[in-house]
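**Student:** Next comes target-v6.json, JSON, C-alpha atoms:
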```
[["chain", "number", "residue", "atom", "x", "y", "z"],
["F", 251, "MET", "CA", 139.78, 153.81, 111.05],
["F", 252, "LYS", "CA", 140.00, 153.43, 107.30],
["F", 253, "LEU", "CA", 140.89, 149.97, 106.06],
["F", 254, "SER", "CA", 144.16, 149.70, 104.12],
["F", 255, "ASP", "CA", 143.77, 148.82, 100.45],
["F", 256, "LEU", "CA", 145.25, 145.38, 101.12],
["F", 257, "ASN", "CA", 142.93, 144.59, 104.02],
["F", 258, "ARG", "CA", 139.91, 145.88, 102.15],
["F", 259, "SER", "CA", 140.74, 143.76, 99.10],
["F", 260, "ASP", "CA", 141.05, 140.72, 101.34],
["F", 261, "LEU", "CA", 137.69, 141.46, 102.97],
["F", 262, "VAL", "CA", 135.98, 141.98, 99.61],
["F", 263, "ILE", "CA", 137.15, 138.60, 98.37],
["F", 264, "ARG", "CA", 136.36, 136.79, 101.62],
["F", 265, "THR", "CA", 132.88, 138.32, 101.68],
["F", 266, "ALA", "CA", 132.28, 137.20, 98.09],
["F", 267, "TRP", "CA", 133.49, 133.66, 98.86],
["F", 268, "LEU", "CA", 131.19, 133.34, 101.88],
["F", 269, "TYR", "CA", 128.20, 134.76, 100.01],
["F", 270, "TYR", "CA", 128.49, 133.13, 96.59],
["F", 271, "THR", "CA", 130.36, 129.88, 97.37],
["F", 272, "TYR", "CA", 129.00, 128.95, 100.79],
["F", 273, "GLY", "CA", 125.57, 130.58, 100.53],
["F", 274, "LEU", "CA", 125.82, 132.52, 103.80],
["F", 275, "THR", "CA", 123.36, 135.36, 104.21],
["F", 276, "GLN", "CA", 124.50, 138.95, 104.52],
["F", 277, "GLU", "CA", 123.48, 138.86, 108.18],
["F", 278, "GLU", "CA", 125.59, 135.73, 108.81],
["F", 279, "ILE", "CA", 128.58, 137.29, 107.05],
["F", 280, "SER", "CA", 128.10, 140.46, 109.05],
["F", 281, "ARG", "CA", 128.35, 138.51, 112.33],
["F", 282, "GLN", "CA", 131.23, 136.30, 111.21],
["F", 283, "LEU", "CA", 133.44, 139.12, 109.88],
["F", 284, "ASN", "CA", 132.29, 141.70, 112.44],
["F", 285, "LEU", "CA", 131.07, 144.08, 109.73],
["F", 286, "SER", "CA", 127.90, 146.10, 109.45],
["F", 287, "ARG", "CA", 125.23, 144.96, 107.00],
["F", 288, "PRO", "CA", 125.76, 148.05, 104.79],
["F", 289, "MET", "CA", 129.49, 147.28, 104.71],
["F", 290, "VAL", "CA", 128.80, 143.68, 103.60],
["F", 291, "GLN", "CA", 126.54, 145.01, 100.85],
["F", 292, "ARG", "CA", 129.24, 147.42, 99.69],
["F", 293, "MET", "CA", 131.83, 144.61, 99.68],
["F", 294, "LEU", "CA", 129.60, 142.44, 97.51],
["F", 295, "ALA", "CA", 128.89, 145.34, 95.17],
["F", 296, "GLN", "CA", 132.61, 146.05, 94.85],
["F", 297, "ALA", "CA", 133.35, 142.39, 94.07],
["F", 298, "THR", "CA", 130.78, 142.46, 91.28],
["F", 299, "HIS", "CA", 131.96, 145.85, 89.95],
["F", 300, "GLU", "CA", 135.60, 144.70, 89.79],
["F", 301, "GLY", "CA", 134.68, 141.55, 87.90],
["F", 302, "LEU", "CA", 135.80, 139.21, 90.67],
["F", 303, "VAL", "CA", 132.51, 137.34, 90.66],
["F", 304, "LYS", "CA", 131.91, 135.33, 87.52],
["F", 305, "ILE", "CA", 131.06, 131.65, 87.62],
["F", 306, "ARG", "CA", 133.83, 131.48, 90.21],
["F", 307, "ILE", "CA", 135.48, 134.15, 92.33],
["F", 308, "ASP", "CA", 138.52, 134.93, 90.25],
["F", 309, "HIS", "CA", 140.94, 136.13, 92.90],
["F", 310, "PRO", "CA", 142.86, 134.52, 95.77],
["F", 311, "LEU", "CA", 142.75, 135.72, 99.36],
["F", 312, "VAL", "CA", 145.92, 137.36, 100.60],
["F", 313, "ASP", "CA", 146.08, 135.25, 103.78],
["F", 314, "CYS", "CA", 145.42, 132.06, 101.79],
["F", 315, "LEU", "CA", 148.34, 132.96, 99.53],
["F", 316, "GLU", "CA", 150.51, 133.28, 102.62],
["F", 317, "LEU", "CA", 149.34, 129.87, 103.85],
["F", 318, "GLU", "CA", 150.21, 128.36, 100.45],
["F", 319, "LYS", "CA", 153.69, 129.86, 100.65],
["F", 320, "ARG", "CA", 154.26, 128.53, 104.17],
["F", 321, "LEU", "CA", 153.02, 125.04, 103.25],
["F", 322, "MET", "CA", 155.40, 124.92, 100.30],
["F", 323, "GLU", "CA", 158.24, 125.92, 102.60],
["F", 324, "ARG", "CA", 157.28, 123.21, 105.11],
["F", 325, "TYR", "CA", 156.66, 120.36, 102.65],
["F", 326, "PRO", "CA", 158.14, 119.49, 99.22],
["F", 327, "LEU", "CA", 155.12, 120.65, 97.22],
["F", 328, "ARG", "CA", 155.13, 121.59, 93.54],
["F", 329, "LEU", "CA", 151.65, 123.05, 93.76],
["F", 330, "CYS", "CA", 149.59, 124.31, 96.70],
["F", 331, "ARG", "CA", 146.18, 125.98, 96.72],
["F", 332, "VAL", "CA", 144.25, 127.02, 99.84],
["F", 333, "CYS", "CA", 140.61, 128.12, 99.92],
["F", 334, "PRO", "CA", 138.82, 130.11, 102.62],
["F", 335, "ALA", "CA", 136.02, 128.48, 104.60],
["F", 336, "PRO", "CA", 133.44, 129.55, 107.18],
["F", 337, "GLY", "CA", 134.41, 126.69, 109.51],
["F", 338, "GLU", "CA", 136.64, 123.63, 109.70],
["F", 339, "ALA", "CA", 134.13, 120.77, 109.50],
["F", 340, "SER", "CA", 133.99, 118.67, 106.33],
["F", 341, "GLU", "CA", 130.63, 120.02, 105.20],
["F", 342, "GLN", "CA", 131.89, 123.59, 105.70],
["F", 343, "VAL", "CA", 135.04, 123.21, 103.61],
["F", 344, "MET", "CA", 133.58, 121.06, 100.83],
["F", 345, "PRO", "CA", 132.10, 123.87, 98.67],
["F", 346, "GLY", "CA", 135.40, 125.74, 98.58],
["F", 347, "LEU", "CA", 137.45, 122.60, 97.96],
["F", 348, "THR", "CA", 135.12, 121.63, 95.14],
["F", 349, "LEU", "CA", 135.46, 124.95, 93.31],
["F", 350, "LEU", "CA", 139.21, 125.27, 93.85],
["F", 351, "GLY", "CA", 139.79, 121.64, 92.89],
["F", 352, "ALA", "CA", 137.71, 122.04, 89.73],
["F", 353, "ALA", "CA", 139.53, 125.23, 88.78],
["F", 354, "THR", "CA", 142.92, 123.54, 89.24],
["F", 355, "MET", "CA", 141.86, 120.53, 87.17],
["F", 356, "GLU", "CA", 140.69, 122.91, 84.43],
["F", 357, "GLU", "CA", 144.11, 124.59, 84.36],
["F", 358, "PHE", "CA", 145.60, 121.26, 83.30],
["F", 359, "LEU", "CA", 142.76, 120.25, 81.00],
["F", 360, "ARG", "CA", 142.79, 123.52, 79.03],
["F", 361, "THR", "CA", 146.30, 122.94, 77.73],
["F", 362, "PRO", "CA", 146.36, 122.11, 74.01],
["F", 363, "ASN", "CA", 149.08, 119.52, 74.60],
["F", 364, "PRO", "CA", 147.85, 115.94, 75.12],
["F", 365, "LEU", "CA", 147.89, 114.96, 78.78],
["F", 366, "THR", "CA", 147.22, 111.76, 80.68],
["F", 367, "VAL", "CA", 145.20, 112.60, 83.78],
["F", 368, "ALA", "CA", 144.89, 109.91, 86.46],
["F", 369, "LEU", "CA", 142.14, 109.91, 89.09],
["F", 370, "GLY", "CA", 141.44, 108.20, 92.37],
["F", 371, "THR", "CA", 137.89, 107.84, 93.67],
["F", 372, "GLY", "CA", 135.80, 109.48, 96.36],
["F", 373, "ARG", "CA", 133.16, 112.11, 97.04],
["F", 374, "THR", "CA", 135.52, 115.07, 96.84],
["F", 375, "LEU", "CA", 137.00, 114.15, 93.46],
["F", 376, "LYS", "CA", 133.58, 113.39, 92.03],
["F", 377, "ALA", "CA", 132.29, 116.76, 93.24],
["F", 378, "CYS", "CA", 135.26, 118.51, 91.61],
["F", 379, "VAL", "CA", 134.64, 116.74, 88.31],
["F", 380, "HIS", "CA", 130.96, 117.69, 88.46],
["F", 381, "ALA", "CA", 131.96, 121.36, 88.93],
["F", 382, "ILE", "CA", 134.31, 121.45, 85.94],
["F", 383, "SER", "CA", 133.08, 123.53, 83.01],
["F", 384, "SER", "CA", 132.45, 121.59, 79.82],
["F", 385, "LEU", "CA", 135.42, 121.94, 77.48],
["F", 386, "ASN", "CA", 136.99, 120.19, 74.52],
["F", 387, "GLY", "CA", 139.67, 117.90, 75.89],
["F", 388, "SER", "CA", 139.59, 115.22, 73.22],
["F", 389, "GLN", "CA", 143.39, 115.28, 73.05],
["F", 390, "HIS", "CA", 143.65, 114.01, 76.64],
["F", 391, "ARG", "CA", 143.40, 110.60, 78.28],
["F", 392, "VAL", "CA", 141.73, 109.92, 81.64],
["F", 393, "VAL", "CA", 142.74, 106.82, 83.59],
["F", 394, "SER", "CA", 141.88, 105.12, 86.90],
["F", 395, "LEU", "CA", 144.43, 104.89, 89.69],
["F", 396, "VAL", "CA", 142.32, 102.40, 91.61],
["F", 397, "GLY", "CA", 139.56, 99.92, 90.89],
["F", 398, "ASN", "CA", 135.99, 100.64, 91.83],
["F", 399, "LEU", "CA", 134.54, 97.16, 92.35],
["F", 400, "ARG", "CA", 133.38, 95.46, 95.52],
["F", 401, "GLN", "CA", 134.00, 91.77, 96.12],
["F", 402, "ASP", "CA", 130.55, 90.89, 94.74],
["F", 403, "GLY", "CA", 131.23, 92.72, 91.46],
["F", 404, "SER", "CA", 129.01, 95.74, 92.19],
["F", 405, "ALA", "CA", 130.51, 99.19, 91.65],
["F", 406, "SER", "CA", 130.82, 102.16, 93.98],
["F", 407, "PRO", "CA", 129.06, 105.33, 92.76],
["F", 408, "PHE", "CA", 132.15, 107.46, 93.35],
["F", 409, "ASP", "CA", 134.16, 106.73, 90.22],
["F", 410, "SER", "CA", 135.30, 109.95, 88.50],
["F", 411, "VAL", "CA", 137.01, 108.64, 85.37],
["F", 412, "MET", "CA", 133.89, 108.09, 83.30],
["F", 413, "PRO", "CA", 132.20, 111.40, 84.27],
["F", 414, "LEU", "CA", 135.34, 113.43, 83.49],
["F", 415, "ALA", "CA", 136.03, 111.66, 80.20],
["F", 416, "ASP", "CA", 132.40, 112.15, 79.15],
["F", 417, "LYS", "CA", 132.47, 115.85, 80.09],
["F", 418, "ILE", "CA", 135.60, 116.71, 78.08],
["F", 419, "GLY", "CA", 135.37, 114.08, 75.34],
["F", 420, "ALA", "CA", 138.59, 112.34, 76.31],
["F", 421, "GLU", "CA", 139.71, 108.76, 75.86],
["F", 422, "ARG", "CA", 139.19, 106.82, 79.06],
["F", 423, "PHE", "CA", 140.90, 103.83, 80.68],
["F", 424, "PHE", "CA", 139.16, 102.08, 83.58],
["F", 425, "LEU", "CA", 141.08, 99.77, 85.92],
["F", 426, "PRO", "CA", 139.13, 96.48, 85.84],
["F", 427, "ALA", "CA", 139.74, 95.52, 89.44],
["F", 428, "PRO", "CA", 138.41, 95.60, 92.98],
["F", 429, "VAL", "CA", 139.94, 98.13, 95.34],
["F", 430, "ILE", "CA", 141.34, 95.22, 97.35],
["F", 431, "ALA", "CA", 141.55, 91.68, 96.01],
["F", 432, "ALA", "CA", 139.99, 88.83, 97.98],
["F", 433, "ASN", "CA", 143.35, 87.09, 98.32],
["F", 434, "LEU", "CA", 146.90, 87.14, 96.94],
["F", 435, "LYS", "CA", 146.15, 84.45, 94.36],
["F", 436, "GLU", "CA", 143.33, 86.54, 92.91],
["F", 437, "LEU", "CA", 145.57, 89.61, 92.81],
["F", 438, "LYS", "CA", 148.38, 87.78, 91.01],
["F", 439, "THR", "CA", 145.92, 86.41, 88.46],
["F", 440, "LEU", "CA", 144.58, 89.92, 87.92],
["F", 441, "GLN", "CA", 148.07, 91.39, 87.51],
["F", 442, "GLN", "CA", 148.80, 88.91, 84.74],
["F", 443, "GLN", "CA", 145.91, 90.12, 82.59],
["F", 444, "PRO", "CA", 147.00, 92.29, 79.60],
["F", 445, "ILE", "CA", 144.14, 94.77, 80.15],
["F", 446, "TYR", "CA", 145.10, 95.31, 83.78],
["F", 447, "ARG", "CA", 148.80, 95.70, 82.96],
["F", 448, "ASN", "CA", 148.07, 98.19, 80.18],
["F", 449, "VAL", "CA", 145.87, 100.42, 82.34],
["F", 450, "VAL", "CA", 148.39, 100.37, 85.20],
["F", 451, "ARG", "CA", 151.18, 101.29, 82.77],
["F", 452, "ILE", "CA", 149.19, 104.28, 81.49],
["F", 453, "ALA", "CA", 148.33, 105.39, 85.04],
["F", 454, "GLU", "CA", 151.95, 105.14, 86.18],
["F", 455, "GLN", "CA", 152.97, 107.44, 83.32],
["F", 456, "ALA", "CA", 150.24, 110.04, 83.96],
["F", 457, "ASP", "CA", 151.28, 113.67, 83.63],
["F", 458, "VAL", "CA", 149.14, 114.60, 86.63],
["F", 459, "SER", "CA", 147.23, 112.54, 89.19],
["F", 460, "PHE", "CA", 144.46, 113.72, 91.50],
["F", 461, "ILE", "CA", 143.81, 111.74, 94.68],
["F", 462, "SER", "CA", 141.71, 111.94, 97.82],
["F", 463, "MET", "CA", 142.24, 110.36, 101.22],
["F", 464, "ALA", "CA", 140.42, 109.40, 104.40],
["F", 465, "GLY", "CA", 140.93, 108.29, 107.95],
["F", 466, "LEU", "CA", 140.01, 104.76, 108.92],
["F", 467, "SER", "CA", 136.77, 104.34, 110.86],
["F", 468, "LYS", "CA", 133.19, 103.16, 110.43],
["F", 469, "GLN", "CA", 132.55, 106.45, 108.60],
["F", 470, "SER", "CA", 135.37, 105.85, 106.12],
["F", 471, "PRO", "CA", 134.43, 105.28, 102.45],
["F", 472, "LEU", "CA", 136.64, 102.19, 102.35],
["F", 473, "PHE", "CA", 134.40, 100.61, 105.00],
["F", 474, "LEU", "CA", 131.06, 102.19, 104.10],
["F", 475, "GLU", "CA", 131.41, 101.12, 100.46],
["F", 476, "GLU", "CA", 132.17, 97.56, 101.65],
["F", 477, "PHE", "CA", 135.64, 97.37, 100.15],
["F", 478, "ILE", "CA", 136.90, 96.02, 103.48],
["F", 479, "THR", "CA", 135.20, 94.26, 106.39],
["F", 480, "GLU", "CA", 134.95, 95.55, 109.92],
["F", 481, "ALA", "CA", 137.38, 92.85, 111.06],
["F", 482, "GLU", "CA", 139.93, 93.91, 108.43],
["F", 483, "MET", "CA", 139.57, 97.54, 109.43],
["F", 484, "GLN", "CA", 139.99, 96.76, 113.11],
["F", 485, "GLN", "CA", 143.09, 94.70, 112.39],
["F", 486, "ALA", "CA", 144.61, 97.64, 110.52],
["F", 487, "LEU", "CA", 143.76, 100.03, 113.36],
["F", 488, "ASP", "CA", 145.29, 97.64, 115.89],
["F", 489, "GLN", "CA", 148.53, 97.79, 113.89],
["F", 490, "GLY", "CA", 148.65, 101.59, 113.91],
["F", 491, "ALA", "CA", 146.73, 102.64, 110.80],
["F", 492, "SER", "CA", 146.30, 106.40, 110.39],
["F", 493, "GLY", "CA", 144.19, 106.30, 107.23],
["F", 494, "GLU", "CA", 144.23, 105.37, 103.57],
["F", 495, "PHE", "CA", 144.56, 106.60, 100.01],
["F", 496, "LEU", "CA", 143.96, 104.58, 96.84],
["F", 497, "GLY", "CA", 143.18, 101.62, 99.10],
["F", 498, "HIS", "CA", 146.64, 101.71, 100.69],
["F", 499, "ILE", "CA", 146.83, 101.85, 104.49],
["F", 500, "LEU", "CA", 149.38, 104.17, 106.08],
["F", 501, "GLY", "CA", 150.90, 104.04, 109.56],
["F", 502, "GLN", "CA", 151.61, 106.82, 112.03],
["F", 503, "GLU", "CA", 154.83, 107.89, 110.29],
["F", 504, "GLY", "CA", 153.26, 107.99, 106.84],
["F", 505, "GLN", "CA", 154.70, 104.61, 105.91],
["F", 506, "LEU", "CA", 152.87, 101.74, 104.21],
["F", 507, "LEU", "CA", 151.91, 99.26, 106.88],
["F", 508, "GLU", "CA", 153.12, 95.71, 106.40],
["F", 509, "ILE", "CA", 149.65, 94.21, 106.62],
["F", 510, "ASP", "CA", 147.57, 91.84, 104.55],
["F", 511, "LEU", "CA", 145.30, 94.60, 103.20],
["F", 512, "ASN", "CA", 148.22, 96.41, 101.59],
["F", 513, "GLN", "CA", 149.49, 93.21, 100.03],
["F", 514, "ARG", "CA", 146.07, 92.75, 98.40],
["F", 515, "ALA", "CA", 145.59, 96.39, 97.26],
["F", 516, "ALA", "CA", 144.94, 96.26, 93.52],
["F", 517, "GLY", "CA", 145.41, 99.94, 92.63],
["F", 518, "VAL", "CA", 148.44, 101.82, 91.39],
["F", 519, "ARG", "CA", 151.13, 102.29, 94.03],
["F", 520, "PHE", "CA", 153.36, 105.36, 93.94],
["F", 521, "THR", "CA", 157.01, 105.16, 94.94],
["F", 522, "PRO", "CA", 158.44, 108.19, 96.79],
["F", 523, "PRO", "CA", 160.26, 110.35, 95.94],
["F", 524, "LEU", "CA", 157.73, 111.19, 93.25],
["F", 525, "THR", "CA", 158.88, 112.13, 89.76],
["F", 526, "ARG", "CA", 155.40, 113.05, 88.48],
["F", 527, "THR", "CA", 152.77, 115.44, 89.79],
["F", 528, "VAL", "CA", 150.35, 113.92, 92.33],
["F", 529, "ILE", "CA", 147.82, 116.36, 93.78],
["F", 530, "GLY", "CA", 145.68, 115.60, 96.82],
["F", 531, "ILE", "CA", 142.33, 117.38, 97.22],
["F", 532, "SER", "CA", 141.15, 117.11, 100.80],
["F", 533, "GLY", "CA", 140.27, 119.07, 103.93],
["F", 534, "GLY", "CA", 138.19, 119.24, 107.08],
["F", 535, "THR", "CA", 139.09, 118.26, 110.63],
["F", 536, "ASN", "CA", 138.52, 114.54, 110.04],
["F", 537, "LYS", "CA", 141.20, 114.61, 107.31],
["F", 538, "HIS", "CA", 143.89, 116.61, 109.13],
["F", 539, "HIS", "CA", 145.97, 113.70, 110.34],
["F", 540, "ILE", "CA", 145.85, 111.55, 107.21],
["F", 541, "ILE", "CA", 146.81, 114.54, 105.03],
["F", 542, "GLN", "CA", 149.74, 115.14, 107.35],
["F", 543, "LYS", "CA", 150.83, 111.48, 107.15],
["F", 544, "ILE", "CA", 150.61, 111.43, 103.36],
["F", 545, "LEU", "CA", 152.76, 114.57, 103.17],
["F", 546, "GLN", "CA", 155.25, 113.12, 105.63],
["F", 547, "GLY", "CA", 155.47, 109.92, 103.61],
["F", 548, "GLY", "CA", 156.02, 111.80, 100.35],
["F", 549, "TRP", "CA", 152.96, 110.24, 98.67],
["F", 550, "MET", "CA", 151.88, 113.50, 97.03],
["F", 551, "ASN", "CA", 153.63, 116.69, 95.89],
["F", 552, "GLY", "CA", 150.59, 118.86, 95.36],
["F", 553, "LEU", "CA", 147.81, 119.87, 97.77],
["F", 554, "ILE", "CA", 144.46, 121.64, 97.50],
["F", 555, "THR", "CA", 142.96, 122.23, 100.94],
["F", 556, "ASP", "CA", 141.16, 124.69, 103.21],
["F", 557, "GLU", "CA", 142.64, 127.40, 105.41],
["F", 558, "PHE", "CA", 141.97, 125.54, 108.70],
["F", 559, "THR", "CA", 143.71, 122.38, 107.46],
["F", 560, "ALA", "CA", 146.59, 124.49, 106.14],
["F", 561, "ARG", "CA", 147.10, 126.08, 109.56],
["F", 562, "PHE", "CA", 147.04, 122.65, 111.23],
["F", 563, "LEU", "CA", 149.66, 121.32, 108.81],
["F", 564, "ILE", "CA", 151.90, 124.31, 109.40],
["F", 565, "SER", "CA", 151.61, 124.26, 113.20],
["F", 566, "THR", "CA", 152.30, 120.55, 113.79]]
```
Turn the structure described in the file into structure tokens.

**Tutor:**
Amino acid sequence: MKLSDLNRSDLVIRTAWLYYTYGLTQEEISRQLNLSRPMVQRMLAQATHEGLVKIRIDHPLVDCLELEKRLMERYPLRLCRVCPAPGEASEQVMPGLTLLGAATMEEFLRTPNPLTVALGTGRTLKACVHAISSLNGSQHRVVSLVGNLRQDGSASPFDSVMPLADKIGAERFFLPAPVIAANLKELKTLQQQPIYRNVVRIAEQADVSFISMAGLSKQSPLFLEEFITEAEMQQALDQGASGEFLGHILGQEGQLLEIDLNQRAAGVRFTPPLTRTVIGISGGTNKHHIIQKILQGGWMNGLITDEFTARFLIST
């Protein structure tokens, strides 16, 4: 049976994504999509002939567009982008998230109008920044949403503000703070500093913010990077923690937990309903529930994710 033009276009794009973005072999693609090897070769040739394959694959998948539409109907999102993936594990969705996140960031950065772009921290955001094409963005400002210091003064390697500002030639503002202060007295002293207040003011007025998120476990960046102790993490879990973003711990209904860690969080805190654009870039099975909680709590109004996560968010 001959494929319809719509189905064939979808297959061409999916084949190109799997081959060029995820590095699957033609044989692997053949098995995954139930196509013959010659058909895979023809799909790849068509993608190249039609100019879909450049540095990135310049075309969305039809079913991913449908997932975006359904997510925006389900949640109050201003922006939603969904990428295809060969599987739902974190390492399987990361390449697609990285390219789609970088492309979305570039859409904002290429505007000639001066923008203030605020960033959280984490592996996903740093990977997106690394994938951004070099461009002249000297009219923009890049600012931290959260500190990047441990209690001993050492820094995590996952800051994205400096790399992005260096890449586009923008002015940068770094929040001089730990992710979580040692105690309330330290936090209040920090909040009284003019430098801290100025950076927070700029971040709160950002035109667009990009954030990442994580569950709470011994594999979580917040714990692995030694921003919190095992005892603090366990206390949060005992009180119903579902995960964190920007160092803030959320409960099972997407609400900020009334716990000591949240009282000591030194980063910028959003206040729903949001009046500015806050875009989360995250996916993979280990992020499903925290993404859902953040959406339920109204902590972001933009989402870049993978097709498996999108289906989970729609079905629950």

**Student:** Within 7 Å of Thr527 in chain F, counting all atoms listed in the file, which residues qualify if same-chain residues fewer than 3 places away don't, as a ChimeraX atom specification?

**Tutor:** /F:457-459,551-552

**Student:** What does the distance between CA of Leu359 in chain F and CA of Ala420 in chain F come to in Å, to one decimal place?

**Tutor:**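 CA of Ala420 in chain F lies at a distance of 10.1 Å from CA of Leu359 in chain F.
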
**Student:** Which residue gives the smallest distance to Leu399 in chain F among F:Pro362, F:Pro334, F:Gly501, F:Pro426, with all atoms listed in the file counted?

**Tutor:**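 Distance minimum relative to Leu399 in chain F lands on F:Pro426.
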
**Student:** Which one is closest to Thr354 in chain F: F:Thr265, F:Ser383, F:Thr535, F:Thr366? Count all atoms listed in the file.

**Tutor:** F:Ser383

**Student:** Nearest to Ala381 in chain F among F:Glu436, F:Asp260, F:Glu356, F:Glu316, with distances taken over all atoms listed in the file: which residue is it?

**Tutor:** F:Glu356

**Student:** Can you list, as a VMD selection string, every protein, DNA or RNA residue that comes within 12 Å of Val411 in chain F when you count all atoms listed in the file, leaving out same-chain residues fewer than 5 positions away?

**Tutor:** chain F and resid 366 to 372 375 to 376 378 to 380 391 to 398 416 to 425 453 459 to 461

**Student:** One number please: CA of Asn433 in chain F to CA of Phe520 in chain F, in Å, one decimal.

**Tutor:** 21.3 Å

**Student:** I'd like the neighbourhood of Glu480 in chain F as a ChimeraX atom specification, where a residue qualifies if any of its atoms comes within 12 Å (using only C-alpha atoms), though same-chain residues fewer than 4 positions away should be ignored.

**Tutor:** /F:466-470,472-476,484-487

**Student:** What would the list of residues within 12 Å of (138.5, 124.4, 89.7) (file frame) look like as a VMD selection string, if all atoms listed in the file are what count?

**Tutor:** chain F and resid 305 to 308 331 to 333 345 to 360 375 377 to 384 531 554

**Student:** Measuring atom to atom with only C-alpha atoms, identify which of F:Ala339, F:Leu315, F:Val528, F:Ala515 is nearest to Gln455 in chain F.

**Tutor:** F:Val528
